[in-house]
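Trainee: I'd like to ask you about the structure that follows.
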Amino acid sequence: MGDNLALCEAIAHRIATSKGQRITFAEYMDMVLYHPEHGYYSTKAVTLGKHGDFFTSVHLGSDFGELLAEQFVQMWEMIGKPQPFSLVEMGAGQGILALDILKYIQQKYAEFFAVLDYIIIEKSSILKQEQQQRLGEFSVRWFNLEEIPCNSITGCFFSNELVDAMPVHQFIWQQGQLREIYVTTSVETPRRNVSTGNPLFVEIVDEASTPQLAEYFDLVGVDVKGLADNYRSEVNLAAFEFLSIVADRLQQGYVLTIDYGYTANRYYNRGRSQGTLQCYYQHQHHNNPYINIGEQDITAHVNFTALERWGERCGLDKVGFTQQELFLVGLGWSERMTSLVEQQPISQLLSRRDALRQLINPLGLGGFGVLMQSKGLTLVQMRSLKGFTLAEQI
């Protein structure tokens, strides 16, 4: 356990040269995770999985990617088998999901594979290198999201556990006012140091840095005046900028977002008075972002209502919102589980069965939210997706 000292120095310098010698928590989180040389995703990201700080659905075997591939094939068919059909994976991690998807499509859907244009959007240079190594046998292109031309994509933009890692603003409701959490260095008082291990960075509370924070709650239909005094939580404005660009680049097709989170009324529930921010270090989680700086992941749950409402402003229609459990069952999870009786040896059978069950466990990965949005489609093309036909809409 420890801090990345070079990153701490870079953050301290940013604070010292910023107006008021402070930065928003969103700026702090952005540097901790995405600093190009010292951030978590520039140095530690290759250790994701069972031997890292956390694992995702893709680390449980190829089933998750293969079930998603079934959905992508149907999307292609639903919009008339366009050539090419672009799959744009945003935040592809180690490239494991991309490999599972591409291998499965190559083996089972040769016609679709022949017209498939697979694109990866990746900010981390170290992850991009690992992706390129893992996917060397396939024709894959890498871009920054901004580099994709407007209205150029027919296909699907998709992400798995990406939005939760976007930098969030932290707010606190105090004495009838919406105020924001800032990060500074511990050189003056009064300042509230929440750190239990590193006294370098501390928090202060002041007026909101942008009117977008108050506008956010109008958008999602939450009355902050009903919150208790000292209620604290997060607002993800970065997701809005991201979704705006995606909608601008998509000419026709779908946007699929899989992540952990809530609808707005559950996100800002009175009982969740300290927000959803979590840190992950060697498969342990806690809520202190001021220790293990650059050595741990920091995430916040996704507000799916915000993505839905902002998407509407950007020209995206809501196809549906459900849970991963129901989504995967609609794509053929049950048939996969039934077919396992043919597998030998028994150790592999039990391992695969356990992995499949973890994918739909409602108390774990199965409880993740799945939001599907679309652009330029008919109602039939929007409403007939296999991942949603068996699912209760939430």
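Chain identifiers are assigned as A, B, and so on, following the order in which chains appear in the structure tokens; residues are numbered from 1 within each chain, and ligands are numbered from 1 in order of appearance.
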Write out as a Markdown table a residue-level contact list of range 163-254 of chain A versus range 382-391 of chain A with cut-off 12 Å: for each qualifying residue the closest pair of atoms and the distance in Å to one decimal, counting only C-alpha atoms, rows sorted by chain and residue number upward.
Mentor:
| residue | atom | partner | partner_atom | distance |
| --- | --- | --- | --- | --- |
| A:Gln252 | CA | A:Met382 | CA | 11.3 |
| A:Gly253 | CA | A:Met382 | CA | 9.1 |
| A:Tyr254 | CA | A:Met382 | CA | 8.6 |
Trainee: Could you pull out the alpha helix (DSSP H) residues of range 99-250 of chain A, going by DSSP on the backbone, and write them as a tab-separated table (two decimals) with N, CA, C and O atoms, in the first residue's frame?
Mentor:
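Output (result11.tsv):
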chain	number	residue	atom	x	y	z
A	99	LEU	N	-11.76	-9.67	-28.19
A	99	LEU	CA	-11.29	-10.95	-28.71
A	99	LEU	C	-12.41	-12.00	-28.68
A	99	LEU	O	-12.60	-12.74	-29.66
A	100	ASP	N	-13.15	-12.07	-27.59
A	100	ASP	CA	-14.24	-13.03	-27.48
A	100	ASP	C	-15.31	-12.76	-28.54
A	100	ASP	O	-15.82	-13.70	-29.17
A	101	ILE	N	-15.64	-11.49	-28.75
A	101	ILE	CA	-16.65	-11.12	-29.74
A	101	ILE	C	-16.19	-11.47	-31.15
A	101	ILE	O	-16.91	-12.10	-31.94
A	102	LEU	N	-14.97	-11.06	-31.49
A	102	LEU	CA	-14.47	-11.26	-32.84
A	102	LEU	C	-14.29	-12.75	-33.17
A	102	LEU	O	-14.64	-13.19	-34.27
A	103	LYS	N	-13.76	-13.51	-32.25
A	103	LYS	CA	-13.58	-14.95	-32.49
A	103	LYS	C	-14.92	-15.64	-32.73
A	103	LYS	O	-15.05	-16.47	-33.64
A	104	TYR	N	-15.90	-15.29	-31.92
A	104	TYR	CA	-17.21	-15.93	-32.02
A	104	TYR	C	-17.89	-15.58	-33.34
A	104	TYR	O	-18.44	-16.46	-34.02
A	105	ILE	N	-17.85	-14.33	-33.72
A	105	ILE	CA	-18.46	-13.92	-34.98
A	105	ILE	C	-17.74	-14.55	-36.16
A	105	ILE	O	-18.38	-15.01	-37.13
A	106	GLN	N	-16.43	-14.61	-36.09
A	106	GLN	CA	-15.65	-15.23	-37.17
A	106	GLN	C	-16.03	-16.70	-37.35
A	106	GLN	O	-16.17	-17.19	-38.48
A	107	GLN	N	-16.24	-17.40	-36.24
A	107	GLN	CA	-16.53	-18.83	-36.30
A	107	GLN	C	-17.98	-19.13	-36.68
A	107	GLN	O	-18.25	-20.12	-37.37
A	108	LYS	N	-18.92	-18.27	-36.25
A	108	LYS	CA	-20.34	-18.61	-36.41
A	108	LYS	C	-21.08	-17.77	-37.44
A	108	LYS	O	-22.11	-18.20	-37.96
A	110	ALA	N	-19.99	-15.89	-40.61
A	110	ALA	CA	-19.00	-15.48	-41.60
A	110	ALA	C	-19.46	-14.28	-42.42
A	110	ALA	O	-18.66	-13.38	-42.74
A	111	GLU	N	-20.74	-14.24	-42.76
A	111	GLU	CA	-21.26	-13.12	-43.57
A	111	GLU	C	-21.15	-11.81	-42.80
A	111	GLU	O	-20.75	-10.78	-43.36
A	112	PHE	N	-21.49	-11.83	-41.53
A	112	PHE	CA	-21.39	-10.64	-40.70
A	112	PHE	C	-19.93	-10.26	-40.48
A	112	PHE	O	-19.55	-9.08	-40.57
A	113	PHE	N	-19.09	-11.26	-40.23
A	113	PHE	CA	-17.67	-10.99	-40.00
A	113	PHE	C	-17.04	-10.29	-41.20
A	113	PHE	O	-16.17	-9.42	-41.05
A	114	ALA	N	-17.48	-10.65	-42.40
A	114	ALA	CA	-16.89	-10.09	-43.62
A	114	ALA	C	-17.15	-8.59	-43.76
A	114	ALA	O	-16.38	-7.89	-44.43
A	115	VAL	N	-18.22	-8.09	-43.14
A	115	VAL	CA	-18.55	-6.66	-43.28
A	115	VAL	C	-18.33	-5.90	-41.97
A	115	VAL	O	-18.65	-4.71	-41.88
A	125	SER	N	-2.70	4.54	-23.01
A	125	SER	CA	-1.72	4.04	-23.98
A	125	SER	C	-1.24	2.63	-23.62
A	125	SER	O	-1.00	1.81	-24.51
A	126	ILE	N	-1.13	2.33	-22.32
A	126	ILE	CA	-0.68	1.00	-21.92
A	126	ILE	C	-1.74	-0.05	-22.24
A	126	ILE	O	-1.41	-1.17	-22.66
A	127	LEU	N	-3.02	0.29	-22.08
A	127	LEU	CA	-4.08	-0.64	-22.44
A	127	LEU	C	-4.16	-0.80	-23.96
A	127	LEU	O	-4.40	-1.90	-24.47
A	128	LYS	N	-3.97	0.29	-24.68
A	128	LYS	CA	-4.00	0.21	-26.15
A	128	LYS	C	-2.92	-0.76	-26.65
A	128	LYS	O	-3.16	-1.56	-27.56
A	129	GLN	N	-1.74	-0.70	-26.04
A	129	GLN	CA	-0.67	-1.62	-26.44
A	129	GLN	C	-1.06	-3.06	-26.18
A	129	GLN	O	-0.81	-3.95	-27.02
A	130	GLU	N	-1.68	-3.33	-25.03
A	130	GLU	CA	-2.09	-4.70	-24.73
A	130	GLU	C	-3.19	-5.16	-25.68
A	130	GLU	O	-3.20	-6.30	-26.13
A	131	GLN	N	-4.12	-4.26	-25.99
A	131	GLN	CA	-5.18	-4.60	-26.94
A	131	GLN	C	-4.59	-4.95	-28.31
A	131	GLN	O	-5.01	-5.93	-28.95
A	132	GLN	N	-3.64	-4.17	-28.76
A	132	GLN	CA	-3.05	-4.40	-30.07
A	132	GLN	C	-2.31	-5.74	-30.12
A	132	GLN	O	-2.35	-6.44	-31.13
A	133	GLN	N	-1.68	-6.10	-29.02
A	133	GLN	CA	-1.01	-7.41	-28.96
A	133	GLN	C	-2.03	-8.54	-28.98
A	133	GLN	O	-1.87	-9.52	-29.72
A	134	ARG	N	-3.07	-8.41	-28.19
A	134	ARG	CA	-4.06	-9.49	-28.07
A	134	ARG	C	-4.87	-9.65	-29.35
A	134	ARG	O	-5.29	-10.76	-29.69
A	212	GLN	N	-24.17	23.96	-14.23
A	212	GLN	CA	-24.61	22.65	-14.75
A	212	GLN	C	-24.99	21.69	-13.63
A	212	GLN	O	-25.77	20.76	-13.85
A	213	LEU	N	-24.42	21.88	-12.44
A	213	LEU	CA	-24.76	20.98	-11.34
A	213	LEU	C	-26.24	21.12	-10.96
A	213	LEU	O	-26.94	20.12	-10.80
A	214	ALA	N	-26.71	22.35	-10.82
A	214	ALA	CA	-28.12	22.56	-10.50
A	214	ALA	C	-29.01	22.14	-11.67
A	214	ALA	O	-30.08	21.54	-11.48
A	215	GLU	N	-28.57	22.42	-12.90
A	215	GLU	CA	-29.34	22.06	-14.08
A	215	GLU	C	-29.47	20.53	-14.21
A	215	GLU	O	-30.47	20.02	-14.73
A	216	TYR	N	-28.45	19.83	-13.75
A	216	TYR	CA	-28.45	18.36	-13.79
A	216	TYR	C	-29.65	17.80	-13.04
A	216	TYR	O	-30.33	16.87	-13.53
A	217	PHE	N	-29.94	18.35	-11.88
A	217	PHE	CA	-31.04	17.82	-11.08
A	217	PHE	C	-32.40	18.16	-11.69
A	217	PHE	O	-33.35	17.40	-11.56
A	218	ASP	N	-32.48	19.29	-12.37
A	218	ASP	CA	-33.70	19.59	-13.11
A	218	ASP	C	-33.91	18.57	-14.22
A	218	ASP	O	-35.03	18.10	-14.46
A	219	LEU	N	-32.83	18.20	-14.89
A	219	LEU	CA	-32.90	17.25	-15.99
A	219	LEU	C	-33.40	15.88	-15.53
A	219	LEU	O	-34.25	15.26	-16.18
A	220	VAL	N	-32.88	15.42	-14.39
A	220	VAL	CA	-33.21	14.06	-13.95
A	220	VAL	C	-34.44	14.03	-13.04
A	220	VAL	O	-34.86	12.96	-12.59
A	238	ALA	N	-19.15	14.52	-17.06
A	238	ALA	CA	-18.32	14.00	-18.14
A	238	ALA	C	-19.10	13.05	-19.04
A	238	ALA	O	-18.86	12.98	-20.25
A	239	ALA	N	-20.05	12.33	-18.45
A	239	ALA	CA	-20.85	11.39	-19.24
A	239	ALA	C	-21.69	12.13	-20.27
A	239	ALA	O	-21.97	11.59	-21.35
A	240	PHE	N	-22.10	13.36	-19.96
A	240	PHE	CA	-22.89	14.14	-20.92
A	240	PHE	C	-22.06	14.51	-22.14
A	240	PHE	O	-22.51	14.38	-23.28
A	241	GLU	N	-20.85	14.98	-21.90
A	241	GLU	CA	-19.97	15.34	-23.02
A	241	GLU	C	-19.69	14.11	-23.88
A	241	GLU	O	-19.74	14.16	-25.12
A	242	PHE	N	-19.41	13.00	-23.22
A	242	PHE	CA	-19.14	11.74	-23.91
A	242	PHE	C	-20.33	11.31	-24.77
A	242	PHE	O	-20.19	11.00	-25.95
A	243	LEU	N	-21.54	11.34	-24.19
A	243	LEU	CA	-22.72	10.89	-24.91
A	243	LEU	C	-23.07	11.84	-26.05
A	243	LEU	O	-23.56	11.40	-27.11
A	244	SER	N	-22.80	13.11	-25.88
A	244	SER	CA	-23.04	14.08	-26.96
A	244	SER	C	-22.21	13.75	-28.18
A	244	SER	O	-22.69	13.81	-29.33
A	245	ILE	N	-20.94	13.41	-27.96
A	245	ILE	CA	-20.05	13.08	-29.08
A	245	ILE	C	-20.50	11.79	-29.75
A	245	ILE	O	-20.53	11.68	-30.98
A	246	VAL	N	-20.85	10.79	-28.94
A	246	VAL	CA	-21.32	9.52	-29.49
A	246	VAL	C	-22.53	9.74	-30.39
A	246	VAL	O	-22.60	9.24	-31.52
A	247	ALA	N	-23.50	10.49	-29.89
A	247	ALA	CA	-24.72	10.74	-30.67
A	247	ALA	C	-24.42	11.48	-31.96
A	247	ALA	O	-25.06	11.24	-32.99
A	248	ASP	N	-23.45	12.38	-31.91
A	248	ASP	CA	-23.07	13.16	-33.09
A	248	ASP	C	-22.40	12.27	-34.15
A	248	ASP	O	-22.56	12.50	-35.35
A	249	ARG	N	-21.65	11.28	-33.71
A	249	ARG	CA	-20.93	10.40	-34.64
A	249	ARG	C	-21.81	9.29	-35.21
A	249	ARG	O	-21.52	8.75	-36.27
Trainee: Of the residues A:Ile119, A:Leu237, A:Leu307, A:Leu250, which is the one nearest to Gln170 in chain A, using only C-alpha atoms?
Mentor: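 Among A:Ile119, A:Leu237, A:Leu307, A:Leu250, it is A:Leu237 that comes nearest to Gln170 in chain A.
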Trainee: Report, in Å with one decimal, the straight-line distance from CA of Pro362 in chain A to CA of Tyr260 in chain A.
Mentor: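 So the answer is 11.4 Å.
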Trainee: So that I can see what lies close to Arg357 in chain A, please list as a list of chain:residue names the residues with an atom at most 9 Å from it, counting only C-alpha atoms and leaving out residues fewer than 4 positions away in the same chain.
Mentor: A:Met337, A:Arg352, A:Arg353, A:Asn361, A:Gly366
Trainee: If you run DSSP on the backbone, which residues of range 110-302 of chain A are strand (DSSP E), as a ChimeraX atom specification?
Mentor: /A:116-121,140-143,153-160,169-174,177-185,201-207,231-235,250-259,261-262,278-281,284-286,297-299,302
Trainee: Have a look at CA of Glu122 in chain A and CA of Cys150 in chain A and let me know their distance in Å, one decimal.
Mentor: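 So the two atoms, CA of Glu122 in chain A and CA of Cys150 in chain A, lie 18.6 Å apart.
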Trainee: What's around Trp173 in chain A at 7 Å? Count only C-alpha atoms, leave out sequence neighbours fewer than 4 positions away in its own chain, and write the answer as a VMD selection string.
Mentor: chain A and resid 177 to 179 229 to 232
Trainee: Could you take the residues named above and write them with N, CA, C and O atoms, as a short mmCIF file (atom, residue, chain, number, x, y, z; two decimals), in the first residue's frame?
Mentor:
data_model
loop_
_atom_site.label_atom_id
_atom_site.label_comp_id
_atom_site.auth_asym_id
_atom_site.auth_seq_id
_atom_site.Cartn_x
_atom_site.Cartn_y
_atom_site.Cartn_z
N GLN A 177 -28.50 24.97 0.53
CA GLN A 177 -27.75 25.36 -0.67
C GLN A 177 -27.00 24.18 -1.25
O GLN A 177 -26.48 23.32 -0.52
N LEU A 178 -26.94 24.16 -2.58
CA LEU A 178 -26.15 23.16 -3.29
C LEU A 178 -24.71 23.65 -3.38
O LEU A 178 -24.43 24.67 -4.01
N ARG A 179 -23.79 22.97 -2.73
CA ARG A 179 -22.40 23.37 -2.71
C ARG A 179 -21.53 22.24 -3.23
O ARG A 179 -21.96 21.09 -3.33
N ASP A 229 -29.78 17.80 5.35
CA ASP A 229 -28.59 18.62 5.49
C ASP A 229 -27.35 17.72 5.53
O ASP A 229 -27.35 16.66 6.15
N ASN A 230 -26.31 18.16 4.81
CA ASN A 230 -25.04 17.43 4.68
C ASN A 230 -25.15 16.17 3.83
O ASN A 230 -24.25 15.32 3.84
N TYR A 231 -26.24 16.04 3.07
CA TYR A 231 -26.36 14.96 2.09
C TYR A 231 -25.29 15.17 1.03
O TYR A 231 -25.13 16.26 0.48
N ARG A 232 -24.56 14.10 0.72
CA ARG A 232 -23.42 14.21 -0.19
C ARG A 232 -23.51 13.13 -1.27
O ARG A 232 -23.84 11.97 -0.98
#
Trainee: Can you tell me which residues surround Glu9 in chain A at a distance of at most 12 Å, considering only C-alpha atoms, apart from same-chain residues fewer than 6 positions away, and format the answer as a CSV table (one decimal) with N, CA, C and O atoms, in the first residue's frame?
Mentor:
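Heads up, here's the output in part22.csv:
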chain,number,residue,atom,x,y,z
A,3,ASP,N,1.5,5.5,-2.1
A,3,ASP,CA,1.0,6.5,-3.1
A,3,ASP,C,2.1,6.6,-4.2
A,3,ASP,O,3.2,6.3,-4.0
A,15,ILE,N,-3.0,22.1,-8.2
A,15,ILE,CA,-3.7,22.8,-7.2
A,15,ILE,C,-3.0,24.2,-7.0
A,15,ILE,O,-3.7,25.2,-6.9
A,16,ALA,N,-1.7,24.2,-6.9
A,16,ALA,CA,-1.0,25.4,-6.6
A,16,ALA,C,-1.1,26.5,-7.7
A,16,ALA,O,-1.1,27.7,-7.4
A,31,MET,N,-7.1,13.3,-12.8
A,31,MET,CA,-5.7,13.1,-12.7
A,31,MET,C,-5.3,11.8,-12.1
A,31,MET,O,-4.4,11.1,-12.6
A,32,VAL,N,-6.0,11.4,-11.0
A,32,VAL,CA,-5.6,10.2,-10.3
A,32,VAL,C,-5.8,9.0,-11.3
A,32,VAL,O,-5.0,8.1,-11.3
A,35,HIS,N,-4.0,10.6,-15.6
A,35,HIS,CA,-2.8,11.3,-15.9
A,35,HIS,C,-2.0,10.4,-16.9
A,35,HIS,O,-1.8,9.2,-16.7
A,38,HIS,N,1.3,9.0,-15.0
A,38,HIS,CA,1.3,8.4,-13.6
A,38,HIS,C,-0.1,8.0,-13.1
A,38,HIS,O,-0.2,7.4,-12.0
A,185,THR,N,-4.5,21.4,-0.9
A,185,THR,CA,-3.4,20.8,-0.1
A,185,THR,C,-3.5,21.3,1.3
A,185,THR,O,-4.1,22.4,1.6
A,200,LEU,N,-1.8,14.8,2.7
A,200,LEU,CA,-1.5,15.8,1.7
A,200,LEU,C,-2.7,16.5,1.1
A,200,LEU,O,-2.7,17.8,0.9
A,201,PHE,N,-3.7,15.8,0.7
A,201,PHE,CA,-4.9,16.4,0.1
A,201,PHE,C,-6.1,16.4,1.0
A,201,PHE,O,-6.4,15.4,1.7
A,293,ILE,N,-2.9,6.7,-3.8
A,293,ILE,CA,-3.1,7.6,-4.9
A,293,ILE,C,-2.4,7.1,-6.1
A,293,ILE,O,-1.2,6.9,-6.1
A,294,GLY,N,-3.1,6.9,-7.2
A,294,GLY,CA,-2.6,6.3,-8.4
A,294,GLY,C,-2.4,4.8,-8.4
A,294,GLY,O,-2.0,4.2,-9.4
Trainee: Which residue is closest to Gly376 in chain A? Choose from A:Gln358, A:Asn151, A:Asn4, A:Thr338 and count only C-alpha atoms.
Mentor: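 Under the stated criterion, the closest residue is A:Asn151.
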Trainee: Would you work out the distance separating CA of Leu145 in chain A from CA of Gln83 in chain A, expressed in Å to one decimal?
Mentor: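 Spanning CA of Leu145 in chain A to CA of Gln83 in chain A is a straight-line distance of 21.2 Å.
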Trainee: With only C-alpha atoms as the atoms that count, which of A:Ser124, A:Ser186, A:Gln274, A:Asn144 lies nearest to Tyr40 in chain A?
Mentor: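 Using only C-alpha atoms, Tyr40 in chain A sits closest to A:Ser124.
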Trainee: When you count only C-alpha atoms, which of these residues is closest to Pro167 in chain A: A:Tyr34, A:Phe85, A:Tyr280, A:Trp310?
Mentor: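 Using only C-alpha atoms, the shortest distance to Pro167 in chain A belongs to A:Tyr34.
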Trainee: Taking only C-alpha atoms into account, which of A:Met29, A:Ile258, A:Ala98, A:Val205 comes nearest Gly136 in chain A?
Mentor: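 Using only C-alpha atoms, Gly136 in chain A sits closest to A:Ala98.
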